[in-house]
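Trainee: Pasting run26.tsv below, which is TSV, C-alpha atoms and all ligand atoms.
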chain	number	residue	atom	x	y	z
B	240	MET	CA	4.63	52.09	25.03
B	241	GLY	CA	4.48	49.02	27.25
B	242	ARG	CA	1.63	46.58	27.63
B	243	VAL	CA	-1.86	48.06	27.88
B	244	TYR	CA	-4.95	46.73	29.60
B	245	ASN	CA	-6.80	45.31	26.59
B	246	PHE	CA	-10.57	45.06	27.08
B	247	SER	CA	-11.23	43.76	23.55
B	248	ALA	CA	-14.08	41.28	23.12
B	249	GLY	CA	-11.92	39.19	20.80
B	250	PRO	CA	-9.28	38.51	19.76
B	251	ALA	CA	-8.49	39.30	23.34
B	252	VAL	CA	-5.95	39.48	26.12
B	253	LEU	CA	-3.79	36.41	26.77
B	254	PRO	CA	-1.84	35.61	29.95
B	255	GLU	CA	1.44	37.50	29.87
B	256	SER	CA	3.37	34.53	31.20
B	257	VAL	CA	2.11	32.42	28.29
B	258	LEU	CA	3.17	35.06	25.76
B	259	LYS	CA	6.63	35.16	27.33
B	260	GLU	CA	6.94	31.39	27.23
B	261	VAL	CA	5.99	31.11	23.57
B	262	ALA	CA	8.38	33.98	22.78
B	263	GLU	CA	11.19	32.09	24.50
B	264	GLU	CA	10.37	28.98	22.50
B	265	MET	CA	9.95	30.83	19.21
B	266	LEU	CA	13.27	29.84	17.63
B	267	ASP	CA	13.78	26.50	19.32
B	268	TYR	CA	10.87	24.56	20.73
B	269	ASN	CA	12.03	22.10	23.35
B	270	GLY	CA	15.34	21.24	21.68
B	271	THR	CA	13.85	20.58	18.22
B	272	GLY	CA	15.80	23.50	16.74
B	273	MET	CA	12.65	24.92	15.17
B	274	SER	CA	9.53	26.88	15.99
B	275	VAL	CA	6.21	25.08	16.40
B	276	MET	CA	5.19	27.20	13.38
B	277	GLU	CA	7.71	25.32	11.27
B	278	MET	CA	6.96	21.88	12.57
B	279	SER	CA	5.19	19.01	10.77
B	280	HIS	CA	1.82	18.26	12.28
B	281	ARG	CA	2.78	14.58	11.83
B	282	SER	CA	5.92	14.91	13.98
B	283	ALA	CA	6.30	13.25	17.37
B	284	ALA	CA	6.89	16.67	18.94
B	285	PHE	CA	3.59	18.01	17.67
B	286	GLN	CA	1.70	14.84	18.54
B	287	GLN	CA	2.83	15.37	22.10
B	288	ILE	CA	1.63	18.98	22.02
B	289	ILE	CA	-1.88	18.10	20.82
B	290	ASP	CA	-2.16	15.07	23.11
B	291	GLU	CA	-1.21	17.17	26.13
B	292	ALA	CA	-3.57	19.96	25.12
B	293	GLU	CA	-6.43	17.48	24.92
B	294	ARG	CA	-5.52	15.85	28.22
B	295	ASP	CA	-5.34	19.23	29.95
B	296	ILE	CA	-8.69	20.53	28.70
B	297	ARG	CA	-10.24	17.19	29.66
B	298	ASP	CA	-8.83	17.60	33.17
B	299	LEU	CA	-9.91	21.23	33.45
B	300	MET	CA	-13.50	20.63	32.32
B	301	ASN	CA	-13.77	17.11	33.69
B	302	ILE	CA	-14.92	15.94	30.24
B	303	PRO	CA	-16.54	12.48	30.34
B	304	ASP	CA	-14.94	9.69	28.27
B	305	ASN	CA	-17.91	9.50	25.91
B	306	TYR	CA	-17.13	12.96	24.51
B	307	LYS	CA	-14.59	13.78	21.79
B	308	VAL	CA	-12.56	16.97	21.89
B	309	LEU	CA	-12.09	18.34	18.36
B	310	PHE	CA	-9.72	21.14	17.37
B	311	LEU	CA	-11.29	22.58	14.21
B	312	GLN	CA	-10.89	25.54	11.89
B	313	GLY	CA	-13.44	27.96	10.47
B	314	GLY	CA	-14.15	29.68	13.77
B	315	ALA	CA	-17.33	29.49	15.78
B	316	SER	CA	-19.26	30.67	12.71
B	317	GLN	CA	-18.49	27.49	10.78
B	318	GLN	CA	-20.21	25.52	13.53
B	319	PHE	CA	-23.43	27.39	12.74
B	320	ALA	CA	-23.60	25.17	9.60
B	321	MET	CA	-21.70	22.14	10.84
B	322	ILE	CA	-24.12	21.55	13.71
B	323	PRO	CA	-27.28	21.21	11.57
B	324	MET	CA	-25.39	19.29	8.86
B	325	ASN	CA	-24.35	16.67	11.42
B	326	LEU	CA	-27.28	16.67	13.85
B	327	MET	CA	-30.47	17.49	11.92
B	328	LYS	CA	-31.67	13.93	11.31
B	329	ASN	CA	-35.33	15.04	11.42
B	330	ARG	CA	-34.46	18.41	9.91
B	331	VAL	CA	-35.98	20.20	12.91
B	332	ALA	CA	-34.18	22.21	15.58
B	333	ASP	CA	-35.21	24.76	18.21
B	334	TYR	CA	-33.23	27.97	18.72
B	335	ILE	CA	-33.25	30.37	21.65
B	336	VAL	CA	-32.25	33.72	20.20
B	337	THR	CA	-30.53	35.90	22.81
B	338	GLY	CA	-28.22	37.94	20.60
B	339	GLN	CA	-26.55	38.32	17.24
B	340	TRP	CA	-24.50	35.14	17.43
B	341	ALA	CA	-27.53	33.01	18.28
B	342	LYS	CA	-29.46	34.77	15.54
B	343	LYS	CA	-26.78	34.02	12.98
B	344	ALA	CA	-26.76	30.36	14.02
B	345	TYR	CA	-30.56	30.28	13.78
B	346	GLN	CA	-30.54	31.85	10.32
B	347	GLU	CA	-27.86	29.45	9.08
B	348	ALA	CA	-29.80	26.42	10.34
B	349	GLN	CA	-32.78	27.49	8.21
B	350	LYS	CA	-30.73	26.48	5.17
B	351	TYR	CA	-30.78	22.87	6.29
B	352	GLY	CA	-34.19	22.31	7.83
B	353	LYS	CA	-36.91	23.78	9.98
B	354	ALA	CA	-35.28	25.99	12.57
B	355	ASN	CA	-37.79	27.25	15.13
B	356	LYS	CA	-37.21	30.35	17.21
B	357	ILE	CA	-38.76	29.15	20.47
B	358	ALA	CA	-37.71	32.16	22.58
B	359	SER	CA	-36.04	35.50	22.02
B	360	SER	CA	-35.02	38.62	23.90
B	361	GLU	CA	-34.82	40.81	20.82
B	362	ASP	CA	-37.85	42.86	21.99
B	363	LYS	CA	-35.56	44.58	24.53
B	364	THR	CA	-32.34	44.66	22.47
B	365	PHE	CA	-31.20	41.37	23.97
B	366	SER	CA	-30.72	42.89	27.42
B	367	TYR	CA	-32.01	39.83	29.28
B	368	ILE	CA	-32.29	36.04	29.11
B	369	PRO	CA	-35.85	34.80	28.56
B	370	ASP	CA	-37.49	32.37	30.97
B	371	CYS	CA	-36.58	28.97	29.54
B	372	SER	CA	-38.24	26.74	32.12
B	373	ASP	CA	-41.23	25.70	29.98
B	374	LEU	CA	-40.65	26.44	26.29
B	375	PRO	CA	-42.61	25.00	23.35
B	376	ILE	CA	-39.92	22.44	22.49
B	377	SER	CA	-40.74	20.69	19.20
B	378	PRO	CA	-41.52	17.00	19.72
B	379	ASP	CA	-39.29	16.07	16.77
B	380	ALA	CA	-36.49	18.56	17.43
B	381	ASP	CA	-33.03	17.14	16.83
B	382	TYR	CA	-31.57	19.59	19.34
B	383	VAL	CA	-32.12	22.82	21.24
B	384	TYR	CA	-29.55	25.56	20.62
B	385	ILE	CA	-28.31	28.38	22.84
B	386	CYS	CA	-25.51	30.92	22.89
B	387	GLU	CA	-24.64	30.66	26.57
B	388	ASN	CA	-22.79	33.95	27.01
B	389	ASN	CA	-23.79	36.79	24.71
B	390	THR	CA	-20.55	38.58	23.93
B	391	ILE	CA	-22.13	41.67	22.37
B	392	TYR	CA	-24.96	42.27	24.85
B	393	GLY	CA	-23.31	41.01	28.04
B	394	THR	CA	-25.90	38.47	29.17
B	395	LYS	CA	-25.34	34.91	30.34
B	396	PHE	CA	-27.61	31.92	30.94
B	397	LYS	CA	-27.27	31.35	34.71
B	398	LYS	CA	-29.42	28.27	34.38
B	399	LEU	CA	-29.56	26.02	31.31
B	400	PRO	CA	-32.91	25.83	29.50
B	401	ASN	CA	-35.30	22.99	30.18
B	402	THR	CA	-34.98	21.12	26.87
B	403	LYS	CA	-37.56	18.50	27.88
B	404	GLY	CA	-35.13	15.72	27.16
B	405	LYS	CA	-33.80	17.05	23.85
B	406	ASP	CA	-30.08	17.41	23.23
B	407	LEU	CA	-28.63	20.79	24.13
B	408	VAL	CA	-26.06	22.49	21.88
B	409	ALA	CA	-24.26	25.53	23.27
B	410	ASP	CA	-21.93	28.16	21.87
B	411	VAL	CA	-19.66	29.09	24.80
B	412	SER	CA	-17.13	31.14	22.82
B	413	SER	CA	-17.02	34.00	25.29
B	414	CYS	CA	-17.33	32.04	28.55
B	415	PHE	CA	-15.18	29.01	27.67
B	416	LEU	CA	-13.20	27.86	30.74
B	417	SER	CA	-14.40	30.84	32.80
B	418	GLU	CA	-16.08	28.61	35.40
B	419	PRO	CA	-16.79	24.91	35.95
B	420	VAL	CA	-19.46	23.31	33.74
B	421	ASP	CA	-21.17	19.94	33.72
B	422	VAL	CA	-20.31	18.75	30.21
B	423	SER	CA	-22.73	15.82	30.48
B	424	LYS	CA	-25.64	18.28	30.27
B	425	TYR	CA	-24.69	19.15	26.70
B	426	ALA	CA	-24.69	17.23	23.42
B	427	ILE	CA	-22.20	19.68	21.96
B	428	ILE	CA	-20.40	22.47	23.76
B	429	TYR	CA	-18.19	24.55	21.51
B	430	GLY	CA	-16.48	27.87	21.14
B	431	GLY	CA	-14.05	29.91	19.13
B	432	VAL	CA	-10.85	30.15	21.16
B	433	GLN	CA	-10.00	33.80	20.46
B	434	LYS	CA	-12.21	35.14	23.25
B	435	ASN	CA	-11.07	33.39	26.38
B	436	ILE	CA	-8.40	30.86	25.41
B	437	GLY	CA	-5.95	31.56	22.61
B	438	PRO	CA	-5.18	33.20	19.28
B	439	ALA	CA	-7.84	33.45	16.56
B	440	GLY	CA	-8.46	30.76	13.97
B	441	MET	CA	-9.71	27.75	15.85
B	442	VAL	CA	-12.80	26.37	17.48
B	443	ILE	CA	-12.90	23.62	20.07
B	444	ALA	CA	-15.96	21.38	19.78
B	445	ILE	CA	-16.69	18.91	22.55
B	446	VAL	CA	-19.11	16.43	21.01
B	447	ARG	CA	-20.91	13.46	22.58
B	448	GLU	CA	-19.75	10.33	20.78
B	449	ASP	CA	-23.14	8.97	19.73
B	450	LEU	CA	-23.67	12.12	17.63
B	451	ILE	CA	-20.54	11.46	15.62
B	452	THR	CA	-21.79	9.32	12.74
B	453	GLU	CA	-21.66	9.00	8.97
B	454	GLU	CA	-25.35	9.82	8.81
B	455	VAL	CA	-25.05	13.48	7.99
B	456	LEU	CA	-27.18	15.57	5.64
B	457	PRO	CA	-26.61	14.70	1.95
B	458	GLY	CA	-23.92	16.90	0.42
B	459	THR	CA	-22.14	17.58	3.71
B	460	PRO	CA	-18.46	18.13	2.85
B	461	THR	CA	-15.92	15.70	4.29
B	462	MET	CA	-14.29	18.59	6.15
B	463	LEU	CA	-17.59	19.54	7.80
B	464	THR	CA	-18.34	16.06	9.09
B	465	TYR	CA	-17.46	15.59	12.78
B	466	LYS	CA	-16.55	11.96	12.14
B	467	THR	CA	-13.74	12.95	9.75
B	468	HIS	CA	-11.99	14.88	12.50
B	469	ALA	CA	-12.90	12.57	15.36
B	470	ASP	CA	-11.48	9.53	13.54
B	471	ALA	CA	-8.27	11.39	12.76
B	472	GLY	CA	-7.68	12.90	16.21
B	473	SER	CA	-8.14	16.41	14.73
B	474	LEU	CA	-5.32	15.65	12.27
B	475	TYR	CA	-7.30	14.78	9.14
B	476	ASN	CA	-5.68	17.72	7.42
B	477	THR	CA	-3.16	20.28	8.66
B	478	PRO	CA	-4.67	21.82	11.77
B	479	ASN	CA	-3.97	25.26	13.18
B	480	ALA	CA	-0.94	23.78	14.88
B	481	TYR	CA	0.45	26.97	16.40
B	482	CYS	CA	-2.92	27.85	17.87
B	483	ILE	CA	-3.26	24.39	19.43
B	484	TYR	CA	0.19	24.91	20.97
B	485	VAL	CA	-0.72	28.31	22.48
B	486	CYS	CA	-4.07	27.00	23.75
B	487	GLY	CA	-2.19	24.13	25.37
B	488	LYS	CA	-0.01	26.66	27.21
B	489	VAL	CA	-3.15	28.49	28.40
B	490	PHE	CA	-4.61	25.20	29.69
B	491	LYS	CA	-1.43	24.67	31.73
B	492	TRP	CA	-1.66	28.26	33.00
B	493	LEU	CA	-5.27	27.65	34.08
B	494	LYS	CA	-4.28	24.47	35.89
B	495	ALA	CA	-1.44	26.27	37.66
B	496	MET	CA	-3.87	29.04	38.69
B	497	GLY	CA	-6.01	26.44	40.43
B	498	GLY	CA	-8.43	25.35	37.70
B	499	LEU	CA	-11.94	26.49	36.88
B	500	GLU	CA	-13.26	26.83	40.46
B	501	GLU	CA	-10.51	29.36	41.10
B	502	MET	CA	-11.15	31.12	37.77
B	503	LYS	CA	-14.80	31.43	38.70
B	504	ARG	CA	-13.85	32.99	42.02
B	505	ARG	CA	-11.50	35.44	40.34
B	506	ASN	CA	-13.98	36.26	37.57
B	507	GLU	CA	-16.76	36.93	40.09
B	508	GLU	CA	-14.46	39.15	42.08
B	509	LYS	CA	-13.42	41.16	39.00
B	510	ALA	CA	-16.97	41.50	37.65
B	511	LYS	CA	-18.25	42.62	41.07
B	512	LEU	CA	-15.74	45.48	41.15
B	513	LEU	CA	-17.09	46.81	37.88
B	514	TYR	CA	-20.81	46.13	38.42
B	515	ASP	CA	-20.74	47.60	41.94
B	516	PHE	CA	-19.23	50.76	40.54
B	517	LEU	CA	-21.78	50.90	37.69
B	518	ASP	CA	-24.63	50.48	40.18
B	519	SER	CA	-23.38	53.39	42.27
B	520	SER	CA	-22.32	55.71	39.43
B	521	LYS	CA	-24.23	58.85	38.51
B	522	LEU	CA	-22.66	59.00	35.05
B	523	PHE	CA	-22.34	55.41	33.87
B	524	HIS	CA	-24.87	52.62	33.95
B	525	GLY	CA	-25.01	48.99	32.88
B	526	THR	CA	-27.40	47.94	30.11
B	527	VAL	CA	-28.31	44.43	31.23
B	528	VAL	CA	-30.91	43.08	33.65
B	529	PRO	CA	-28.77	42.47	36.79
B	530	LYS	CA	-29.69	38.80	37.26
B	531	ASP	CA	-28.52	37.95	33.72
B	532	ARG	CA	-25.22	39.81	33.80
B	533	SER	CA	-22.21	38.16	32.20
B	534	LEU	CA	-18.99	37.79	34.17
B	535	MET	CA	-17.02	38.23	30.95
B	536	ASN	CA	-18.51	41.06	28.89
B	537	VAL	CA	-19.74	44.19	30.63
B	538	PRO	CA	-21.55	46.75	28.45
B	539	PHE	CA	-22.27	50.21	29.85
B	540	VAL	CA	-23.29	53.67	28.65
B	541	THR	CA	-23.48	57.26	29.81
B	542	GLY	CA	-26.58	57.90	27.73
B	543	ASP	CA	-24.77	60.58	25.73
B	544	LYS	CA	-22.95	59.51	22.57
B	545	GLU	CA	-20.41	62.31	22.68
B	546	MET	CA	-19.60	61.59	26.31
B	547	ASP	CA	-19.16	57.90	25.44
B	548	ALA	CA	-16.74	58.77	22.65
B	549	LYS	CA	-14.80	61.11	24.93
B	550	PHE	CA	-14.55	58.39	27.56
B	551	VAL	CA	-13.30	55.76	25.09
B	552	LYS	CA	-10.68	58.17	23.75
B	553	GLU	CA	-9.39	59.32	27.13
B	554	ALA	CA	-9.36	55.78	28.49
B	555	ALA	CA	-7.21	54.68	25.55
B	556	SER	CA	-4.74	57.48	26.31
B	557	ALA	CA	-4.54	56.12	29.84
B	558	GLY	CA	-3.65	52.62	28.57
B	559	LEU	CA	-7.17	51.16	28.87
B	560	VAL	CA	-7.90	50.14	25.29
B	561	ASN	CA	-10.69	48.63	23.17
B	562	LEU	CA	-13.52	49.83	25.40
B	563	LYS	CA	-15.77	50.92	22.53
B	564	GLY	CA	-19.03	48.97	22.47
B	565	HIS	CA	-20.01	46.74	19.56
B	566	ARG	CA	-21.01	48.76	16.49
B	567	SER	CA	-24.59	47.47	16.80
B	568	VAL	CA	-25.05	48.68	20.39
B	569	GLY	CA	-22.80	51.71	20.89
B	570	GLY	CA	-21.62	52.85	24.29
B	571	MET	CA	-18.84	50.92	25.96
B	572	ARG	CA	-18.02	47.30	26.67
B	573	ALA	CA	-15.31	45.96	28.92
B	574	SER	CA	-14.43	42.34	28.25
B	575	ILE	CA	-12.76	40.97	31.36
B	576	TYR	CA	-11.79	37.45	30.37
B	577	ASN	CA	-9.70	34.99	32.41
B	578	ALA	CA	-6.43	36.64	31.38
B	579	MET	CA	-7.48	40.16	32.44
B	580	PRO	CA	-5.80	40.69	35.82
B	581	LYS	CA	-7.75	42.16	38.71
B	582	GLU	CA	-5.39	45.15	38.53
B	583	GLY	CA	-6.76	45.89	35.05
B	584	VAL	CA	-10.33	46.09	36.33
B	585	GLU	CA	-9.20	48.18	39.31
B	586	ALA	CA	-7.44	50.57	36.93
B	587	LEU	CA	-10.60	50.82	34.81
B	588	VAL	CA	-12.85	51.54	37.78
B	589	ALA	CA	-10.38	54.15	39.13
B	590	PHE	CA	-10.32	55.82	35.72
B	591	MET	CA	-14.13	55.79	35.49
B	592	LYS	CA	-14.39	57.42	38.92
B	593	LYS	CA	-11.97	60.14	37.91
B	594	PHE	CA	-13.75	60.68	34.58
B	595	GLU	CA	-17.08	60.92	36.40
B	596	GLU	CA	-15.76	63.57	38.78
B	597	GLU	CA	-14.35	65.59	35.89
B	598	ASN	CA	-17.42	65.37	33.69
B	599	LEU	CA	-20.47	65.47	35.94
B	601	LIG	C1	-17.03	35.86	18.48
B	601	LIG	C2	-18.16	34.92	18.58
B	601	LIG	C3	-18.55	34.11	17.50
B	601	LIG	C4	-17.88	34.17	16.15
B	601	LIG	O1	-16.62	33.64	16.19
B	601	LIG	P1	-15.74	33.45	14.88
B	601	LIG	O2	-14.63	32.61	15.37
B	601	LIG	O3	-15.33	34.81	14.43
B	601	LIG	O4	-16.57	32.76	13.86
B	601	LIG	C5	-19.60	33.23	17.70
B	601	LIG	N1	-20.23	33.15	18.88
B	601	LIG	C6	-19.89	33.92	19.93
B	601	LIG	C7	-20.63	33.78	21.21
B	601	LIG	C8	-18.85	34.82	19.81
B	601	LIG	O5	-18.51	35.59	20.85
Let's see the structure in the file written out as structure tokens.
Ligand SMILES: *Cc1c(COP(=O)(O)O)cnc(C)c1O

Mentor:
Amino acid sequence: MGRVYNFSAGPAVLPESVLKEVAEEMLDYNGTGMSVMEMSHRSAAFQQIIDEAERDIRDLMNIPDNYKVLFLQGGASQQFAMIPMNLMKNRVADYIVTGQWAKKAYQEAQKYGKANKIASSEDKTFSYIPDCSDLPISPDADYVYICENNTIYGTKFKKLPNTKGKDLVADVSSCFLSEPVDVSKYAIIYGGVQKNIGPAGMVIAIVREDLITEEVLPGTPTMLTYKTHADAGSLYNTPNAYCIYVCGKVFKWLKAMGGLEEMKRRNEEKAKLLYDFLDSSKLFHGTVVPKDRSLMNVPFVTGDKEMDAKFVKEAASAGLVNLKGHRSVGGMRASIYNAMPKEGVEALVAFMKKFEEENL
């Protein structure tokens, strides 16, 4: 079997050209006679890899100089604790709960202080983004927290919440580098890389410098203090060196593709193919309020569990894999990240049309 179209929500599809490049460099990276996997993180060769990766993501996202880019371990989930430990000076934070990942972050923050749920879309199984133009922001909140793209439910904040001057912290795991962003609107913007950037096992946290201090909650481990990693250029301890290397390749791929404006154009084009079909289909329908639809994660159902299962199985036989919805929602979900080619979405839509004709 050759390569499939992989619609997994994460770990997810990577650009084929990047995979080929890292395969070519597997035994001998750039004349060093060794793989990046075997290389000291203190070597000049690796220092160049991490420096270039940082420079390239700074270019891509136009990251202002007063932000640090940290390559950390523990996944996005570790940030659920690291954020309150480092930012909760008043021990108060406001959370907008638009899905399971935001809910987990909200629950974790309760361990460290008063976490307020100031808005939620749980009443309608997280199928929309609440109006965040005039929320009851706590006067003493240390930050306001969102999950910007909800991987499981397929919603996305199209407009950032009005935080009434408070710092905004955003989990962008599943929309990282999918379109241009204005980093200066965030205090922290972070995401696990295994959705839209690289292999699993790393999170990139872009943190405004004034928030990186020694004044963290008592008992905060050295490894969970932003300052530890910021002071050491993400090399306090052994980082996920191979992952940094692959992410660096993806940054170069994104630049060669034309950067984030071009990715946005491509992602809109791909998502439109699928949403237009869903809106016209008699068998399949989308589950999200149209104005809040994600460009990255597209959940859909037939309304019949057995039909859903049949679809997922037959699609897999046709080389369209990992279309089963999250276990908490059921149905289907197509994740169409940066590295999913337009041909993959076209193949999916063609297959859905054929399946509809055969089964309606
Ligand atoms: C996948 C995901 C997470 C969890 O990531 P881990 O790296 O497994 O901890 C958190 N937030 C969002 C939005 C995700 O999609």

Trainee: Around ligand LIG 601 (chain B), at most 8 Å away and counting only C-alpha atoms and all ligand atoms, which residues are there? Put them as a PyMOL selection string, please.

Mentor: chain B and resi 248-249+313-317+340-341+386-391+410-413+430-434+439-442

Trainee: I need the residue nearest B:Ile368 from this list: B:Ile289, B:Leu513, B:Leu266, B:Val528. Use all atoms listed in the file for the distance.

Mentor: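 The answer is B:Val528, which sits nearest to B:Ile368.
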
Trainee: Using all atoms listed in the file, which of B:Asn325, B:Met300, B:Ala284, B:Lys363 sits nearest B:Thr461?

Mentor: B:Asn325

Trainee: Please compute the atom CA of B:Tyr268-atom CA of B:Leu474 distance, one decimal, in Å.

Mentor: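 Here the two named atoms are 20.3 Å from each other.
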
Trainee: Hey, which of B:Gly525, B:Tyr384, B:Gly393, B:Thr477 ends up closest to B:Tyr425? Count all atoms listed in the file.

Mentor: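 The shortest atom-to-atom distance to B:Tyr425 comes from B:Tyr384.
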
Trainee: May I have the residues within 12 Å of B:Tyr514 as number ranges by chain, using only C-alpha atoms and disregarding those fewer than 5 positions away in the same chain?

Mentor: B: 393, 507-509, 519-520, 523-530, 532-539, 573, 575, 584-585, 587-588
